[in-house]
>>> print(open('target.cif').read())   # mmCIF, C-alpha atoms
data_target
#
loop_
_atom_site.group_PDB
_atom_site.id
_atom_site.type_symbol
_atom_site.label_atom_id
_atom_site.label_comp_id
_atom_site.auth_asym_id
_atom_site.auth_seq_id
_atom_site.Cartn_x
_atom_site.Cartn_y
_atom_site.Cartn_z
ATOM 1 C CA MET A 1 142.989 94.881 144.134
ATOM 2 C CA GLY A 2 143.030 91.165 144.253
ATOM 3 C CA VAL A 3 141.622 88.624 141.880
ATOM 4 C CA ARG A 4 137.922 87.822 142.213
ATOM 5 C CA PRO A 5 137.226 84.331 143.465
ATOM 6 C CA LEU A 6 135.615 81.872 141.057
ATOM 7 C CA ARG A 7 131.959 81.272 141.703
ATOM 8 C CA ASP A 8 130.141 78.038 141.171
ATOM 9 C CA VAL A 9 127.955 78.681 138.129
ATOM 10 C CA ALA A 10 125.711 76.034 136.672
ATOM 11 C CA PHE A 11 125.732 76.097 132.903
ATOM 12 C CA VAL A 12 122.956 74.418 131.002
ATOM 13 C CA GLY A 13 124.174 72.647 127.894
ATOM 14 C CA VAL A 14 122.364 73.082 124.587
ATOM 15 C CA SER A 15 121.419 69.421 124.575
ATOM 16 C CA ASP A 16 119.649 69.887 127.941
ATOM 17 C CA VAL A 17 117.258 72.557 126.636
ATOM 18 C CA ASP A 18 114.136 71.754 124.621
ATOM 19 C CA ILE A 19 114.254 74.271 121.747
ATOM 20 C CA ARG A 20 111.208 73.044 119.806
ATOM 21 C CA GLN A 21 108.706 75.775 119.018
ATOM 22 C CA VAL A 22 105.108 74.942 119.814
ATOM 23 C CA SER A 23 102.462 76.326 117.477
ATOM 24 C CA LEU A 24 99.545 78.099 119.125
ATOM 25 C CA LEU A 25 97.464 78.044 115.934
ATOM 26 C CA THR A 26 95.207 75.174 114.976
ATOM 27 C CA VAL A 27 95.097 76.196 111.296
ATOM 28 C CA GLU A 28 97.322 74.304 108.892
ATOM 29 C CA PRO A 29 99.931 76.611 107.334
ATOM 30 C CA SER A 30 99.333 77.241 103.651
ATOM 31 C CA ALA A 31 101.968 77.463 100.989
ATOM 32 C CA PRO A 32 102.928 80.964 99.857
ATOM 33 C CA SER A 33 101.129 82.208 96.787
ATOM 34 C CA THR A 34 102.944 81.546 93.526
ATOM 35 C CA ARG A 35 100.841 84.116 91.677
ATOM 36 C CA ARG A 36 103.005 87.004 90.500
ATOM 37 C CA THR A 37 101.923 90.570 90.990
ATOM 38 C CA THR A 38 101.694 92.478 87.724
ATOM 39 C CA SER A 39 101.663 96.195 87.086
ATOM 40 C CA LYS A 40 98.065 95.902 85.833
ATOM 41 C CA GLY A 41 96.852 95.064 89.332
ATOM 42 C CA ILE A 42 98.459 98.105 90.990
ATOM 43 C CA ALA A 43 97.291 101.718 90.755
ATOM 44 C CA PRO A 44 97.886 104.998 92.610
ATOM 45 C CA GLY A 45 95.997 105.026 95.893
ATOM 46 C CA ASP A 46 96.525 101.305 96.583
ATOM 47 C CA ILE A 47 98.252 100.018 99.693
ATOM 48 C CA VAL A 48 101.063 97.542 98.968
ATOM 49 C CA GLU A 49 103.288 95.328 101.082
ATOM 50 C CA VAL A 50 106.865 95.626 99.818
ATOM 51 C CA ASP A 51 109.853 93.380 100.494
ATOM 52 C CA LYS A 52 112.905 95.507 99.815
ATOM 53 C CA ARG A 53 116.220 93.812 100.641
ATOM 54 C CA GLY A 54 114.532 91.621 103.233
ATOM 55 C CA ARG A 55 112.752 94.456 104.997
ATOM 56 C CA ARG A 56 108.974 94.329 104.677
ATOM 57 C CA PHE A 57 106.790 97.372 104.992
ATOM 58 C CA HIS A 58 103.411 98.737 103.891
ATOM 59 C CA ALA A 59 103.222 101.766 101.640
ATOM 60 C CA LEU A 60 100.765 103.929 99.735
ATOM 61 C CA VAL A 61 101.310 103.965 95.957
ATOM 62 C CA LEU A 62 101.626 107.552 94.729
ATOM 63 C CA GLU A 63 102.352 106.906 91.044
ATOM 64 C CA MET A 64 103.682 104.332 88.588
ATOM 65 C CA GLU A 65 106.398 105.040 86.067
ATOM 66 C CA GLN A 66 107.526 102.822 83.197
ATOM 67 C CA LEU A 67 111.303 102.791 82.793
ATOM 68 C CA GLU A 68 113.185 102.537 79.492
ATOM 69 C CA SER A 69 113.738 98.852 80.243
ATOM 70 C CA ASN A 70 109.900 98.452 80.174
ATOM 71 C CA ARG A 71 109.822 97.647 83.903
ATOM 72 C CA PHE A 72 107.531 99.551 86.202
ATOM 73 C CA GLU A 73 108.754 101.502 89.206
ATOM 74 C CA LEU A 74 106.372 102.561 91.953
ATOM 75 C CA LYS A 75 106.696 105.850 93.773
ATOM 76 C CA VAL A 76 105.521 105.025 97.290
ATOM 77 C CA ARG A 77 105.015 106.664 100.661
ATOM 78 C CA PRO A 78 105.714 104.195 103.486
ATOM 79 C CA LEU A 79 103.056 104.070 106.204
ATOM 80 C CA ASP A 80 105.793 103.643 108.834
ATOM 81 C CA SER A 81 107.834 106.843 109.266
ATOM 82 C CA ARG A 82 110.972 104.822 110.106
ATOM 83 C CA ILE A 83 111.194 103.536 106.507
ATOM 84 C CA SER A 84 113.164 105.711 104.094
ATOM 85 C CA TYR A 85 112.529 103.829 100.821
ATOM 86 C CA ARG A 86 110.469 105.906 98.366
ATOM 87 C CA THR A 87 110.543 103.639 95.304
ATOM 88 C CA ALA A 88 109.863 99.957 94.685
ATOM 89 C CA SER A 89 109.714 97.701 91.667
ATOM 90 C CA VAL A 90 106.663 95.580 90.878
ATOM 91 C CA ARG A 91 108.748 92.474 91.642
ATOM 92 C CA GLU A 92 109.263 93.686 95.217
ATOM 93 C CA VAL A 93 105.500 93.931 95.829
ATOM 94 C CA ILE A 94 104.251 91.051 97.971
ATOM 95 C CA GLU A 95 100.565 91.935 98.346
ATOM 96 C CA VAL A 96 98.150 94.617 97.114
ATOM 97 C CA TRP A 97 95.079 96.121 98.796
ATOM 98 C CA ARG A 98 93.059 98.050 96.235
ATOM 99 C CA ARG A 99 91.503 101.411 96.910
ATOM 100 C CA ALA A 100 87.728 101.163 97.232
ATOM 101 C CA GLY A 101 85.570 102.448 94.413
ATOM 102 C CA ARG A 102 87.473 101.095 91.427
#
>>> encode(input="target.cif", output="structure tokens")
Amino acid sequence: MGVRPLRDVAFVGVSDVDIRQVSLLTVEPSAPSTRRTTSKGIAPGDIVEVDKRGRRFHALVLEMEQLESNRFELKVRPLDSRISYRTASVREVIEVWRRAGR
């Protein structure tokens, strides 16, 4: 077979494209909370948002265990079946939703 002929292709340079992102929200963005989550605010039955190695997911807290280093480890069940993490430290907890009735 022969060589394919070159086609005239118009390439758009990066400088020609407007890459600014337009916000659709009218609310001013707020700064992230600087309040740290402590083990006192988490209990079995709570739903937590966990950031584990950059991957965020929601999970149900099954139990809390204090390690020999005095840090707390949470045994969790992720709400998304694609997540395989089953433990998280209190430092990895981003947000807590408490179980009703406490």
>>> residues_around(input="target.cif", residues="Lys52 in chain A", least_positions_apart="5", cutoff="9 Å", atoms="only C-alpha atoms", output="PyMOL selection string")
chain A and resi 57+85+88+92-93
>>> resolve_selection(input="target.cif", expression="the PyMOL selection byres ((chain A and resi 71-83) around 10)", output="number ranges by chain")
A: 38-39, 42-50, 55-70, 84-93
>>> write_last_selection(input="target.cif", atoms="C-alpha atoms", output="PDB file, in the frame of the given file")
ATOM      1  CA  THR A  38     101.694  92.478  87.724  1.00  0.00           C
ATOM      2  CA  SER A  39     101.663  96.195  87.086  1.00  0.00           C
ATOM      3  CA  ILE A  42      98.459  98.105  90.990  1.00  0.00           C
ATOM      4  CA  ALA A  43      97.291 101.718  90.755  1.00  0.00           C
ATOM      5  CA  PRO A  44      97.886 104.998  92.610  1.00  0.00           C
ATOM      6  CA  GLY A  45      95.997 105.026  95.893  1.00  0.00           C
ATOM      7  CA  ASP A  46      96.525 101.305  96.583  1.00  0.00           C
ATOM      8  CA  ILE A  47      98.252 100.018  99.693  1.00  0.00           C
ATOM      9  CA  VAL A  48     101.063  97.542  98.968  1.00  0.00           C
ATOM     10  CA  GLU A  49     103.288  95.328 101.082  1.00  0.00           C
ATOM     11  CA  VAL A  50     106.865  95.626  99.818  1.00  0.00           C
ATOM     12  CA  ARG A  55     112.752  94.456 104.997  1.00  0.00           C
ATOM     13  CA  ARG A  56     108.974  94.329 104.677  1.00  0.00           C
ATOM     14  CA  PHE A  57     106.790  97.372 104.992  1.00  0.00           C
ATOM     15  CA  HIS A  58     103.411  98.737 103.891  1.00  0.00           C
ATOM     16  CA  ALA A  59     103.222 101.766 101.640  1.00  0.00           C
ATOM     17  CA  LEU A  60     100.765 103.929  99.735  1.00  0.00           C
ATOM     18  CA  VAL A  61     101.310 103.965  95.957  1.00  0.00           C
ATOM     19  CA  LEU A  62     101.626 107.552  94.729  1.00  0.00           C
ATOM     20  CA  GLU A  63     102.352 106.906  91.044  1.00  0.00           C
ATOM     21  CA  MET A  64     103.682 104.332  88.588  1.00  0.00           C
ATOM     22  CA  GLU A  65     106.398 105.040  86.067  1.00  0.00           C
ATOM     23  CA  GLN A  66     107.526 102.822  83.197  1.00  0.00           C
ATOM     24  CA  LEU A  67     111.303 102.791  82.793  1.00  0.00           C
ATOM     25  CA  GLU A  68     113.185 102.537  79.492  1.00  0.00           C
ATOM     26  CA  SER A  69     113.738  98.852  80.243  1.00  0.00           C
ATOM     27  CA  ASN A  70     109.900  98.452  80.174  1.00  0.00           C
ATOM     28  CA  SER A  84     113.164 105.711 104.094  1.00  0.00           C
ATOM     29  CA  TYR A  85     112.529 103.829 100.821  1.00  0.00           C
ATOM     30  CA  ARG A  86     110.469 105.906  98.366  1.00  0.00           C
ATOM     31  CA  THR A  87     110.543 103.639  95.304  1.00  0.00           C
ATOM     32  CA  ALA A  88     109.863  99.957  94.685  1.00  0.00           C
ATOM     33  CA  SER A  89     109.714  97.701  91.667  1.00  0.00           C
ATOM     34  CA  VAL A  90     106.663  95.580  90.878  1.00  0.00           C
ATOM     35  CA  ARG A  91     108.748  92.474  91.642  1.00  0.00           C
ATOM     36  CA  GLU A  92     109.263  93.686  95.217  1.00  0.00           C
ATOM     37  CA  VAL A  93     105.500  93.931  95.829  1.00  0.00           C
TER      38      VAL A  93
END
>>> axis_aligned_box(input="target.cif", around="range 51-61 of chain A", padding_each_side="8 Å", output="JSON")
{"center_x": 108.5, "center_y": 97.8, "center_z": 100.5, "size_x": 31.5, "size_y": 28.3, "size_z": 25.0}
>>> build_atoms(input="target.cif", residues="range 72-83 of chain A", atoms="N, CA and C atoms", output="mmCIF file, keeping the file's coordinate frame")
data_model
loop_
_atom_site.group_PDB
_atom_site.id
_atom_site.type_symbol
_atom_site.label_atom_id
_atom_site.label_comp_id
_atom_site.auth_asym_id
_atom_site.auth_seq_id
_atom_site.Cartn_x
_atom_site.Cartn_y
_atom_site.Cartn_z
ATOM 1 N N PHE A 72 108.259 98.506 85.500
ATOM 2 C CA PHE A 72 107.531 99.551 86.202
ATOM 3 C C PHE A 72 108.164 99.812 87.558
ATOM 4 N N GLU A 73 108.257 101.083 87.899
ATOM 5 C CA GLU A 73 108.754 101.502 89.206
ATOM 6 C C GLU A 73 107.616 102.237 89.912
ATOM 7 N N LEU A 74 107.415 101.912 91.174
ATOM 8 C CA LEU A 74 106.372 102.561 91.953
ATOM 9 C C LEU A 74 106.974 103.650 92.811
ATOM 10 N N LYS A 75 106.358 104.801 92.808
ATOM 11 C CA LYS A 75 106.696 105.850 93.773
ATOM 12 C C LYS A 75 105.762 105.616 94.950
ATOM 13 N N VAL A 76 106.330 105.384 96.131
ATOM 14 C CA VAL A 76 105.521 105.025 97.290
ATOM 15 C C VAL A 76 105.801 105.941 98.467
ATOM 16 N N ARG A 77 104.844 105.980 99.380
ATOM 17 C CA ARG A 77 105.015 106.664 100.661
ATOM 18 C C ARG A 77 104.791 105.627 101.754
ATOM 19 N N PRO A 78 105.860 105.209 102.443
ATOM 20 C CA PRO A 78 105.714 104.195 103.486
ATOM 21 C C PRO A 78 104.762 104.666 104.588
ATOM 22 N N LEU A 79 103.972 103.738 105.122
ATOM 23 C CA LEU A 79 103.056 104.070 106.204
ATOM 24 C C LEU A 79 103.794 104.188 107.532
ATOM 25 N N ASP A 80 104.955 103.567 107.640
ATOM 26 C CA ASP A 80 105.793 103.643 108.834
ATOM 27 C C ASP A 80 106.851 104.723 108.602
ATOM 28 N N SER A 81 106.912 105.720 109.464
ATOM 29 C CA SER A 81 107.834 106.843 109.266
ATOM 30 C C SER A 81 109.303 106.451 109.415
ATOM 31 N N ARG A 82 109.576 105.259 109.948
ATOM 32 C CA ARG A 82 110.972 104.822 110.106
ATOM 33 C C ARG A 82 111.561 104.277 108.812
ATOM 34 N N ILE A 83 110.744 104.075 107.796
ATOM 35 C CA ILE A 83 111.194 103.536 106.507
ATOM 36 C C ILE A 83 111.548 104.694 105.590
#
